[in-house]
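**Student:** My structure is in upload04.txt, and what it holds is compact mmCIF, C-alpha atoms:
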# COMPACT_ATOMS: atom_id res chain seq x y z
CA MET A 1 0.00 0.00 0.00
CA ALA A 2 2.15 2.84 1.26
CA ASP A 3 5.10 3.04 -1.10
CA GLU A 4 8.52 3.90 0.18
CA ALA A 5 8.63 7.27 -1.49
CA ALA A 6 5.61 8.34 0.56
CA ASP A 7 7.05 6.88 3.75
CA PRO A 8 10.24 8.56 4.87
CA LEU A 9 10.41 6.38 8.00
CA ARG A 10 10.51 3.20 5.92
CA ALA A 11 13.20 4.75 3.73
CA ARG A 12 15.26 5.52 6.84
CA LEU A 13 14.89 1.92 8.03
CA GLU A 14 16.36 0.50 4.82
CA LYS A 15 19.91 0.96 6.09
CA TYR A 16 19.36 -1.71 8.75
CA VAL A 17 18.45 -4.52 6.34
CA GLY A 18 21.15 -7.19 6.17
CA ARG A 19 22.96 -5.65 9.11
CA SER A 20 23.59 -6.86 12.61
CA MET A 21 20.71 -6.21 15.03
CA GLY A 22 23.13 -5.34 17.81
CA PRO A 23 26.47 -6.33 19.20
CA PRO A 24 26.84 -10.11 19.63
CA SER A 25 25.87 -11.04 23.16
CA LEU A 26 26.81 -13.71 25.63
CA ALA A 27 23.94 -15.43 27.44
CA PRO A 28 23.75 -14.22 31.07
CA ASP A 29 24.19 -17.79 32.32
CA PRO A 30 25.38 -21.10 30.92
CA VAL A 31 22.73 -23.79 30.44
CA ASN A 32 21.97 -24.92 33.97
CA VAL A 33 19.72 -27.25 35.92
CA PRO A 34 17.98 -24.63 38.14
CA MET A 35 16.66 -22.78 35.09
CA ILE A 36 15.67 -26.07 33.46
CA ARG A 37 13.78 -27.06 36.62
CA HIS A 38 12.02 -23.68 36.70
CA TRP A 39 10.90 -24.19 33.09
CA VAL A 40 9.87 -27.83 33.58
CA ASP A 41 7.68 -26.85 36.54
CA ALA A 42 6.23 -23.75 34.87
CA LEU A 43 5.18 -25.75 31.80
CA ASP A 44 4.57 -29.01 33.65
CA ASP A 45 6.77 -30.79 31.12
CA ARG A 46 7.64 -34.18 32.58
CA ASN A 47 9.95 -35.48 29.85
CA PRO A 48 12.51 -37.26 32.07
CA VAL A 49 15.52 -36.35 29.90
CA TYR A 50 15.37 -32.81 31.30
CA LEU A 51 15.91 -33.63 34.99
CA ASP A 52 16.21 -37.39 35.62
CA GLU A 53 19.95 -38.02 35.32
CA GLU A 54 19.60 -41.78 35.66
CA LEU A 55 16.96 -42.18 32.99
CA ALA A 56 18.55 -39.61 30.69
CA ALA A 57 21.76 -41.64 30.79
CA THR A 58 19.93 -44.59 29.20
CA THR A 59 18.67 -42.52 26.25
CA ARG A 60 20.58 -41.46 23.17
CA PHE A 61 21.31 -38.16 24.92
CA GLY A 62 23.50 -39.91 27.48
CA GLY A 63 22.58 -37.44 30.21
CA ILE A 64 20.44 -34.44 31.06
CA VAL A 65 19.62 -32.06 28.21
CA ALA A 66 17.76 -28.76 28.25
CA PRO A 67 14.25 -28.56 26.77
CA PRO A 68 14.92 -27.58 23.15
CA ALA A 69 12.36 -24.76 23.20
CA MET A 70 14.43 -23.07 25.91
CA LEU A 71 16.94 -22.06 23.22
CA GLN A 72 15.67 -18.49 23.11
CA THR A 73 15.38 -18.32 26.91
CA TRP A 74 19.12 -18.79 27.43
CA GLY A 75 19.80 -15.64 25.48
CA MET A 76 17.19 -13.40 27.08
CA PRO A 77 18.96 -10.32 28.44
CA ARG A 78 18.84 -9.36 32.09
CA PRO A 79 15.91 -6.96 32.37
CA LYS A 80 15.84 -3.56 33.95
CA ILE A 81 12.39 -3.73 35.56
CA GLU A 82 12.06 -0.03 36.32
CA GLY A 83 10.61 1.74 33.32
CA ILE A 84 10.00 -1.42 31.33
CA ALA A 85 6.38 -0.48 30.52
CA GLU A 86 7.44 2.99 29.38
CA ARG A 87 9.94 1.30 27.04
CA GLY A 88 7.10 -0.73 25.50
CA GLY A 89 8.42 -3.87 27.17
CA ALA A 90 12.01 -3.61 25.98
CA PRO A 91 14.11 -5.27 28.70
CA ASN A 92 16.68 -2.52 28.73
CA GLU A 93 17.71 0.66 26.98
CA MET A 94 19.15 -0.38 23.66
CA ARG A 95 22.01 1.98 22.98
CA PHE A 96 22.99 0.24 19.77
CA ASP A 97 21.47 1.94 16.72
CA ASN A 98 18.87 -0.61 15.62
CA PRO A 99 15.51 -0.69 13.81
CA ILE A 100 13.46 -1.66 16.88
CA SER A 101 14.59 1.44 18.75
CA ALA A 102 14.08 3.53 15.63
CA LEU A 103 10.48 2.27 15.38
CA ASP A 104 9.89 2.83 19.11
CA GLU A 105 11.06 6.41 18.79
CA ALA A 106 8.74 6.95 15.83
CA GLY A 107 5.76 5.86 17.97
CA TYR A 108 5.58 2.24 16.86
CA VAL A 109 6.01 1.07 20.45
CA GLY A 110 3.66 -1.93 20.27
CA THR A 111 5.20 -5.35 19.66
CA LEU A 112 3.50 -8.54 18.57
CA ALA A 113 5.30 -11.73 17.57
CA THR A 114 3.81 -13.26 14.42
CA ASN A 115 6.25 -16.00 13.35
CA SER A 116 8.93 -18.06 15.00
CA GLU A 117 11.08 -20.70 13.36
CA LEU A 118 13.38 -22.51 15.76
CA GLU A 119 16.00 -24.90 14.50
CA PHE A 120 17.91 -27.17 16.83
CA VAL A 121 21.25 -28.49 15.62
CA ARG A 122 21.74 -30.43 18.84
CA TYR A 123 20.24 -30.46 22.32
CA LEU A 124 22.03 -28.35 24.90
CA ARG A 125 23.68 -29.76 28.00
CA PRO A 126 24.35 -28.06 31.32
CA GLY A 127 27.53 -26.05 30.97
CA ASP A 128 27.00 -25.00 27.33
CA HIS A 129 27.37 -21.23 27.26
CA LEU A 130 25.69 -19.56 24.33
CA HIS A 131 26.75 -16.67 22.23
CA LEU A 132 24.12 -14.92 20.08
CA SER A 133 24.36 -12.90 16.92
CA SER A 134 21.34 -11.49 15.09
CA GLU A 135 20.92 -10.07 11.65
CA LEU A 136 18.00 -8.12 10.24
CA GLU A 137 16.49 -9.98 7.31
CA SER A 138 13.69 -7.66 6.20
CA ILE A 139 11.35 -4.82 7.10
CA SER A 140 7.96 -4.63 5.36
CA ASN A 141 6.41 -1.48 4.03
CA ARG A 142 3.94 0.13 6.41
CA LYS A 143 0.82 -2.01 6.72
CA THR A 144 -2.58 -1.34 8.17
CA THR A 145 -3.42 -4.25 10.47
CA ALA A 146 -6.03 -5.06 13.09
CA LEU A 147 -3.62 -3.48 15.55
CA GLY A 148 -3.24 -0.27 13.60
CA LYS A 149 -0.40 0.84 11.40
CA GLY A 150 2.87 -0.98 11.65
CA TYR A 151 5.84 -2.72 10.12
CA PHE A 152 6.76 -6.41 10.08
CA VAL A 153 10.37 -6.84 11.15
CA THR A 154 12.15 -10.17 10.53
CA TRP A 155 15.51 -11.20 11.88
CA GLY A 156 17.57 -14.31 12.32
CA THR A 157 19.58 -15.26 15.36
CA THR A 158 22.41 -17.78 15.37
CA TYR A 159 23.25 -19.50 18.63
CA ARG A 160 26.81 -20.71 19.09
CA THR A 161 28.64 -22.14 22.04
CA THR A 162 31.56 -20.09 23.32
CA ALA A 163 33.70 -22.64 21.42
CA GLY A 164 32.04 -21.48 18.18
CA GLU A 165 29.84 -24.52 17.53
CA VAL A 166 26.49 -23.57 15.95
CA VAL A 167 23.81 -25.25 18.09
CA GLY A 168 20.64 -23.52 16.92
CA ARG A 169 19.02 -20.80 14.89
CA GLN A 170 15.85 -18.77 15.09
CA LEU A 171 13.94 -16.72 12.60
CA PHE A 172 11.62 -14.29 14.27
CA ARG A 173 9.04 -11.92 12.87
CA ILE A 174 7.29 -9.23 14.87
CA LEU A 175 4.81 -6.52 14.09
CA LYS A 176 5.86 -3.15 15.46
CA PHE A 177 2.72 -1.08 15.61
CA ASP A 178 1.50 2.31 16.76
CA PRO A 179 -1.19 1.63 19.41
CA SER A 180 -2.72 5.09 18.86
CA THR A 181 -3.75 4.04 15.33
CA ILE A 182 -5.75 0.97 16.39
CA ASP A 183 -9.11 0.91 14.70
CA LEU A 184 -11.35 -0.62 17.36
CA THR A 185 -14.00 -1.54 14.79
CA ARG A 186 -11.51 -3.92 13.13
CA LEU A 187 -10.12 -5.42 16.28
CA LYS A 188 -9.98 -9.18 16.19
CA ALA A 189 -7.31 -11.83 16.14
CA PRO A 190 -4.15 -10.11 14.88
CA ARG A 191 -2.55 -11.70 11.85
CA MET B 1 4.78 -40.69 28.75
CA THR B 2 7.54 -43.26 28.38
CA THR B 3 5.02 -46.05 28.16
CA GLY B 4 2.95 -45.95 25.04
CA SER B 5 5.40 -43.92 22.99
CA PRO B 6 5.05 -45.07 19.40
CA LYS B 7 7.82 -47.05 17.71
CA PRO B 8 8.86 -45.69 14.31
CA SER B 9 7.56 -48.85 12.62
CA GLN B 10 4.10 -48.21 14.09
CA ILE B 11 3.84 -44.63 12.83
CA THR B 12 2.18 -43.85 9.52
CA VAL B 13 1.49 -40.62 7.68
CA GLY B 14 -1.96 -39.40 8.64
CA ASP B 15 -1.77 -40.64 12.23
CA GLU B 16 -3.36 -38.19 14.65
CA LEU B 17 -1.69 -37.25 17.91
CA PRO B 18 -4.03 -37.42 20.89
CA PRO B 19 -5.36 -33.91 21.53
CA PHE B 20 -4.31 -32.02 24.64
CA ASP B 21 -6.29 -29.28 26.37
CA LEU B 22 -4.35 -26.63 28.24
CA ASN B 23 -6.37 -24.71 30.80
CA VAL B 24 -4.92 -21.25 30.17
CA THR B 25 -4.96 -19.20 33.37
CA SER B 26 -3.15 -16.04 34.45
CA THR B 27 -0.81 -18.29 36.43
CA VAL B 28 0.01 -20.45 33.41
CA ILE B 29 0.84 -17.33 31.38
CA VAL B 30 2.94 -15.66 34.08
CA ALA B 31 4.74 -18.89 35.04
CA GLY B 32 5.78 -19.42 31.43
CA ALA B 33 6.77 -15.80 30.87
CA ILE B 34 9.05 -15.72 33.89
CA ALA B 35 10.52 -19.19 33.34
CA SER B 36 11.43 -18.01 29.83
CA ARG B 37 12.79 -14.75 31.30
CA ASP B 38 10.36 -12.59 29.35
CA PHE B 39 9.38 -9.59 31.46
CA MET B 40 7.37 -7.79 28.81
CA PRO B 41 4.34 -6.35 30.66
CA ALA B 42 1.87 -7.68 28.06
CA HIS B 43 2.55 -11.15 29.54
CA HIS B 44 1.67 -10.26 33.15
CA ASP B 45 -0.15 -6.90 33.19
CA PRO B 46 -3.72 -6.99 31.80
CA ALA B 47 -4.05 -3.17 31.71
CA PHE B 48 -0.84 -2.84 29.71
CA ALA B 49 -1.96 -5.56 27.30
CA ARG B 50 -5.37 -3.91 26.77
CA ALA B 51 -3.74 -0.56 26.07
CA GLN B 52 -1.86 -2.37 23.29
CA GLY B 53 -5.11 -3.61 21.80
CA ALA B 54 -5.10 -7.16 23.18
CA PRO B 55 -8.19 -8.51 24.99
CA ASP B 56 -6.14 -9.40 28.08
CA MET B 57 -2.58 -10.29 29.04
CA PHE B 58 -1.43 -13.03 26.70
CA MET B 59 1.01 -15.94 26.49
CA ASN B 60 4.48 -15.14 25.16
CA ILE B 61 5.84 -16.93 22.15
CA LEU B 62 8.60 -18.66 24.12
CA THR B 63 5.96 -20.35 26.27
CA THR B 64 3.91 -21.26 23.21
CA ASN B 65 7.00 -22.92 21.70
CA GLY B 66 7.53 -24.71 25.00
CA TYR B 67 4.02 -26.12 25.03
CA VAL B 68 4.26 -27.15 21.38
CA ALA B 69 7.50 -28.99 22.17
CA ARG B 70 5.95 -30.58 25.25
CA TYR B 71 2.89 -31.65 23.27
CA VAL B 72 4.88 -33.51 20.63
CA SER B 73 7.44 -35.03 23.00
CA ASP B 74 4.69 -36.20 25.36
CA TRP B 75 3.55 -38.26 22.38
CA ALA B 76 6.90 -39.19 20.85
CA GLY B 77 8.69 -40.01 24.11
CA PRO B 78 12.09 -39.26 25.66
CA GLU B 79 14.10 -40.53 22.66
CA ALA B 80 12.53 -37.90 20.40
CA MET B 81 14.88 -35.17 19.25
CA LEU B 82 13.22 -32.06 17.88
CA LYS B 83 14.90 -30.61 14.84
CA SER B 84 12.68 -27.58 14.33
CA ILE B 85 9.51 -25.80 15.46
CA ARG B 86 8.06 -23.48 12.85
CA ILE B 87 4.90 -21.65 13.87
CA ARG B 88 2.70 -18.75 12.86
CA LEU B 89 1.03 -16.94 15.70
CA GLY B 90 -2.57 -15.82 15.41
CA ALA B 91 -5.18 -15.44 18.11
CA PRO B 92 -3.73 -14.56 21.50
CA ALA B 93 -3.77 -17.17 24.28
CA VAL B 94 -5.51 -15.37 27.14
CA PRO B 95 -6.79 -16.39 30.59
CA GLY B 96 -10.06 -18.29 30.57
CA LYS B 97 -9.75 -19.55 27.02
CA PRO B 98 -8.44 -23.14 26.95
CA LEU B 99 -6.05 -24.08 24.19
CA ARG B 100 -6.60 -27.32 22.33
CA PHE B 101 -3.43 -28.83 20.88
CA SER B 102 -3.81 -31.19 17.96
CA GLY B 103 -1.38 -32.77 15.56
CA ARG B 104 -1.00 -35.12 12.65
CA VAL B 105 1.91 -36.97 11.07
CA ALA B 106 2.39 -35.12 7.79
CA ALA B 107 5.52 -36.86 6.53
CA LYS B 108 7.83 -39.71 7.47
CA SER B 109 11.24 -40.58 6.13
CA GLU B 110 14.43 -42.37 7.10
CA GLU B 111 17.79 -40.68 7.36
CA GLY B 112 20.66 -42.96 8.39
CA ASN B 113 19.62 -44.66 11.61
CA GLU B 114 16.85 -42.15 12.32
CA CYS B 115 13.17 -41.93 11.51
CA VAL B 116 12.32 -38.31 10.70
CA LEU B 117 8.75 -37.13 11.23
CA GLU B 118 7.09 -33.93 10.19
CA LEU B 119 4.12 -33.13 12.38
CA ALA B 120 1.47 -30.58 11.49
CA VAL B 121 0.56 -29.04 14.82
CA ARG B 122 -1.93 -26.44 15.93
CA ALA B 123 -3.10 -24.92 19.17
CA ALA B 124 -6.47 -23.20 18.98
CA ASN B 125 -8.92 -21.46 21.27
CA ASP B 126 -12.37 -20.05 20.56
CA LEU B 127 -10.78 -16.96 18.97
CA GLY B 128 -9.10 -19.12 16.32
CA ASP B 129 -5.65 -20.61 15.75
CA HIS B 130 -3.22 -19.39 18.38
CA ALA B 131 -0.30 -21.22 16.80
CA ALA B 132 -0.11 -23.40 13.71
CA GLY B 133 2.87 -24.89 12.02
CA THR B 134 5.27 -27.77 11.68
CA VAL B 135 7.46 -29.63 14.11
CA THR B 136 10.20 -31.86 12.72
CA LEU B 137 11.68 -34.52 14.99
CA SER B 138 13.69 -37.68 14.80
CA LEU B 139 13.44 -41.02 16.57
CA PRO B 140 16.16 -43.65 16.63
CA LEU B 141 15.49 -46.68 14.41
CA GLY B 142 15.83 -50.01 16.12
Any chance you could put this one into structure tokens?
**Tutor:**
Amino acid sequence: MADEAADPLRARLEKYVGRSMGPPSLAPDPVNVPMIRHWVDALDDRNPVYLDEELAATTRFGGIVAPPAMLQTWGMPRPKIEGIAERGGAPNEMRFDNPISALDEAGYVGTLATNSELEFVRYLRPGDHLHLSSELESISNRKTTALGKGYFVTWGTTYRTTAGEVVGRQLFRILKFDPSTIDLTRLKAPR
Amino acid sequence: MTTGSPKPSQITVGDELPPFDLNVTSTVIVAGAIASRDFMPAHHDPAFARAQGAPDMFMNILTTNGYVARYVSDWAGPEAMLKSIRIRLGAPAVPGKPLRFSGRVAAKSEEGNECVLELAVRAANDLGDHAAGTVTLSLPLG
């Protein structure tokens, strides 16, 4: 709909495509049993390979492994709770020049995840310490959605151990939208 | 879970996974958000979520992925190794609206000493599909 010529914000965002989404980061903690236990209890996931050392040793994993869907959890940054709502939910002030901050500053403070593609190269074991690097794949033109006007932002994250082994990848797409443009008459399940 | 896990030889394309109903409560949503270290207010603060246009606070995607993984490994057993979870997110998962997980074997192949399965999986509530997509996993042969 809106072409780039008529959308100076979208034109400004073009410079981020294909670039790093921020400096590579080290997960706050190595893969560890207390966080696995927290997850297992929160989701009531009783697969024994996550906590039962004896049983896990008899499986092809040879010992405890982390739930694969925790991949993204290991890399979640330590949040600064104060002011998190005012930042639209961003865990901390992002000082690195990146498209999410640029959209926040332009009023597109709403965030909604629309797609996630997780790929697991191998299951993680306690002690694996992950290193993350993310690259912006694409930004859509401005769209009018059930949540108002916004942009779909897609990036890929590669998860490596500190030894450099690639253990997983994630493609993630979010809608960054301007909550003040929500048309309440259209409000239904966001797509 | 360990008993009753299907052997690769017993699995055929078209097989349905037994459905699973998740009673989505505020506690379920908050427990998952914090266990996945996601402190975004939309996942614990209903007023914040409503101001963003959502009907209530809603489940974060990390928790959704976790339940999708749990759903398929509850069926496939502890030897299952997930290779990928690819989902589209639609209707929000909000308190008071149970999620029904369903799945079907969409493809089956052999790679080396592994049986590789593609499962079409969805989790839906009365607003529509919350998550729909494909999980690929492997099971050891023999």
**Student:** Of the candidates B:Pro55, B:Gln10, B:Glu16, B:Leu89, which one gets nearest to Ile174 of chain A if we count only C-alpha atoms?
**Tutor:**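 Of B:Pro55, B:Gln10, B:Glu16, B:Leu89, the one nearest Ile174 of chain A, counting only C-alpha atoms, is B:Leu89.
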**Student:** Taking only C-alpha atoms into account and nothing else, which residues of chain A lie no more than 8 Å away from chain B? Please answer as a ChimeraX atom specification.
**Tutor:** /A:35,38-39,42-43,45,47-49,59-61,67-70,72-73,76,79,81,84-85,88-91,110,113-123,147,179,182,187,189-191
**Student:** Just checking: using all atoms listed in the file, which residue out of B:Asp21, B:Glu118, B:Glu110, B:Asp56 ends up closest to Gly142 of chain B?
**Tutor:** B:Glu110
**Student:** Tell me which protein, DNA and RNA residues are within 6 Å of segment 18-34 of chain A, counting only C-alpha atoms, leaving out same-chain ones fewer than 4 positions away, and put them as a VMD selection string.
**Tutor:** chain A and resid 74 to 75 96 98 126 to 137
**Student:** Quick one: of B:Ser138, B:Ser5, B:Thr12, B:Ser102, who's nearest to Ala120 of chain B, counting all atoms listed in the file?
**Tutor:**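 Smallest distance to Ala120 of chain B is found for B:Ser102.
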**Student:** What is the distance between atom CA of Val153 of chain A and atom CA of Pro98 of chain B, in Å to one decimal?
**Tutor:**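 Between these atoms lies a distance of 29.5 Å.
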**Student:** Using only C-alpha atoms, which residue out of B:Val121, B:Phe58, B:Lys97, B:Gly112 lies closest to Val24 of chain B?
**Tutor:** B:Lys97
**Student:** Enter the distance from atom CA of Leu51 of chain A to atom CA of Thr157 of chain A, in Å, rounded to one decimal.
**Tutor:**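 Taking atom CA of Leu51 of chain A and atom CA of Thr157 of chain A, their separation equals 27.1 Å.
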**Student:** Quick one: everything within 12 Å of Ser138 of chain A, counting only C-alpha atoms, minus sequence neighbours fewer than 6 positions away in the same chain. Send it as a list in words.
**Tutor:**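 Close residues of Ser138 of chain A: Arg10, Leu13, Glu14, Lys15, Tyr16, Val17, Gly18, Arg19, Ser20, Met21, Pro99, Tyr151, Phe152, Val153, Thr154, Trp155, Gly156, Leu171, Phe172, Arg173, Ile174 and Leu175 of chain A.
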**Student:** Measure the distance from atom CA of Ile100 of chain A to atom CA of Ile36 of chain A in Å and round it to one decimal.
**Tutor:**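 Going from atom CA of Ile100 of chain A over to atom CA of Ile36 of chain A, I get 29.6 Å.
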**Student:** Mind listing whatever residues come within 6 Å of the point (20.8, -5.8, 28.3)? Use all atoms listed in the file, file coordinates, and give them as a list in words.
**Tutor:**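 Those within range, by chain then number, are Pro77, Arg78 and Asn92 of chain A.
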**Student:** Just save segment 70-172 of chain A with C-alpha atoms, as a tab-separated table (two decimals), in the first residue's frame.
**Tutor:**
chain	number	residue	atom	x	y	z
A	70	MET	CA	14.43	-23.07	25.91
A	71	LEU	CA	16.94	-22.06	23.22
A	72	GLN	CA	15.67	-18.49	23.11
A	73	THR	CA	15.38	-18.32	26.91
A	74	TRP	CA	19.12	-18.79	27.43
A	75	GLY	CA	19.80	-15.64	25.48
A	76	MET	CA	17.19	-13.40	27.08
A	77	PRO	CA	18.96	-10.32	28.44
A	78	ARG	CA	18.84	-9.36	32.09
A	79	PRO	CA	15.91	-6.96	32.37
A	80	LYS	CA	15.84	-3.56	33.95
A	81	ILE	CA	12.39	-3.73	35.56
A	82	GLU	CA	12.06	-0.03	36.32
A	83	GLY	CA	10.61	1.74	33.32
A	84	ILE	CA	10.00	-1.42	31.33
A	85	ALA	CA	6.38	-0.48	30.52
A	86	GLU	CA	7.44	2.99	29.38
A	87	ARG	CA	9.94	1.30	27.04
A	88	GLY	CA	7.10	-0.73	25.50
A	89	GLY	CA	8.42	-3.87	27.17
A	90	ALA	CA	12.01	-3.61	25.98
A	91	PRO	CA	14.11	-5.27	28.70
A	92	ASN	CA	16.68	-2.52	28.73
A	93	GLU	CA	17.71	0.66	26.98
A	94	MET	CA	19.15	-0.38	23.66
A	95	ARG	CA	22.01	1.98	22.98
A	96	PHE	CA	22.99	0.24	19.77
A	97	ASP	CA	21.47	1.94	16.72
A	98	ASN	CA	18.87	-0.61	15.62
A	99	PRO	CA	15.51	-0.69	13.81
A	100	ILE	CA	13.46	-1.66	16.88
A	101	SER	CA	14.59	1.44	18.75
A	102	ALA	CA	14.08	3.53	15.63
A	103	LEU	CA	10.48	2.27	15.38
A	104	ASP	CA	9.89	2.83	19.11
A	105	GLU	CA	11.06	6.41	18.79
A	106	ALA	CA	8.74	6.95	15.83
A	107	GLY	CA	5.76	5.86	17.97
A	108	TYR	CA	5.58	2.24	16.86
A	109	VAL	CA	6.01	1.07	20.45
A	110	GLY	CA	3.66	-1.93	20.27
A	111	THR	CA	5.20	-5.35	19.66
A	112	LEU	CA	3.50	-8.54	18.57
A	113	ALA	CA	5.30	-11.73	17.57
A	114	THR	CA	3.81	-13.26	14.42
A	115	ASN	CA	6.25	-16.00	13.35
A	116	SER	CA	8.93	-18.06	15.00
A	117	GLU	CA	11.08	-20.70	13.36
A	118	LEU	CA	13.38	-22.51	15.76
A	119	GLU	CA	16.00	-24.90	14.50
A	120	PHE	CA	17.91	-27.17	16.83
A	121	VAL	CA	21.25	-28.49	15.62
A	122	ARG	CA	21.74	-30.43	18.84
A	123	TYR	CA	20.24	-30.46	22.32
A	124	LEU	CA	22.03	-28.35	24.90
A	125	ARG	CA	23.68	-29.76	28.00
A	126	PRO	CA	24.35	-28.06	31.32
A	127	GLY	CA	27.53	-26.05	30.97
A	128	ASP	CA	27.00	-25.00	27.33
A	129	HIS	CA	27.37	-21.23	27.26
A	130	LEU	CA	25.69	-19.56	24.33
A	131	HIS	CA	26.75	-16.67	22.23
A	132	LEU	CA	24.12	-14.92	20.08
A	133	SER	CA	24.36	-12.90	16.92
A	134	SER	CA	21.34	-11.49	15.09
A	135	GLU	CA	20.92	-10.07	11.65
A	136	LEU	CA	18.00	-8.12	10.24
A	137	GLU	CA	16.49	-9.98	7.31
A	138	SER	CA	13.69	-7.66	6.20
A	139	ILE	CA	11.35	-4.82	7.10
A	140	SER	CA	7.96	-4.63	5.36
A	141	ASN	CA	6.41	-1.48	4.03
A	142	ARG	CA	3.94	0.13	6.41
A	143	LYS	CA	0.82	-2.01	6.72
A	144	THR	CA	-2.58	-1.34	8.17
A	145	THR	CA	-3.42	-4.25	10.47
A	146	ALA	CA	-6.03	-5.06	13.09
A	147	LEU	CA	-3.62	-3.48	15.55
A	148	GLY	CA	-3.24	-0.27	13.60
A	149	LYS	CA	-0.40	0.84	11.40
A	150	GLY	CA	2.87	-0.98	11.65
A	151	TYR	CA	5.84	-2.72	10.12
A	152	PHE	CA	6.76	-6.41	10.08
A	153	VAL	CA	10.37	-6.84	11.15
A	154	THR	CA	12.15	-10.17	10.53
A	155	TRP	CA	15.51	-11.20	11.88
A	156	GLY	CA	17.57	-14.31	12.32
A	157	THR	CA	19.58	-15.26	15.36
A	158	THR	CA	22.41	-17.78	15.37
A	159	TYR	CA	23.25	-19.50	18.63
A	160	ARG	CA	26.81	-20.71	19.09
A	161	THR	CA	28.64	-22.14	22.04
A	162	THR	CA	31.56	-20.09	23.32
A	163	ALA	CA	33.70	-22.64	21.42
A	164	GLY	CA	32.04	-21.48	18.18
A	165	GLU	CA	29.84	-24.52	17.53
A	166	VAL	CA	26.49	-23.57	15.95
A	167	VAL	CA	23.81	-25.25	18.09
A	168	GLY	CA	20.64	-23.52	16.92
A	169	ARG	CA	19.02	-20.80	14.89
A	170	GLN	CA	15.85	-18.77	15.09
A	171	LEU	CA	13.94	-16.72	12.60
A	172	PHE	CA	11.62	-14.29	14.27
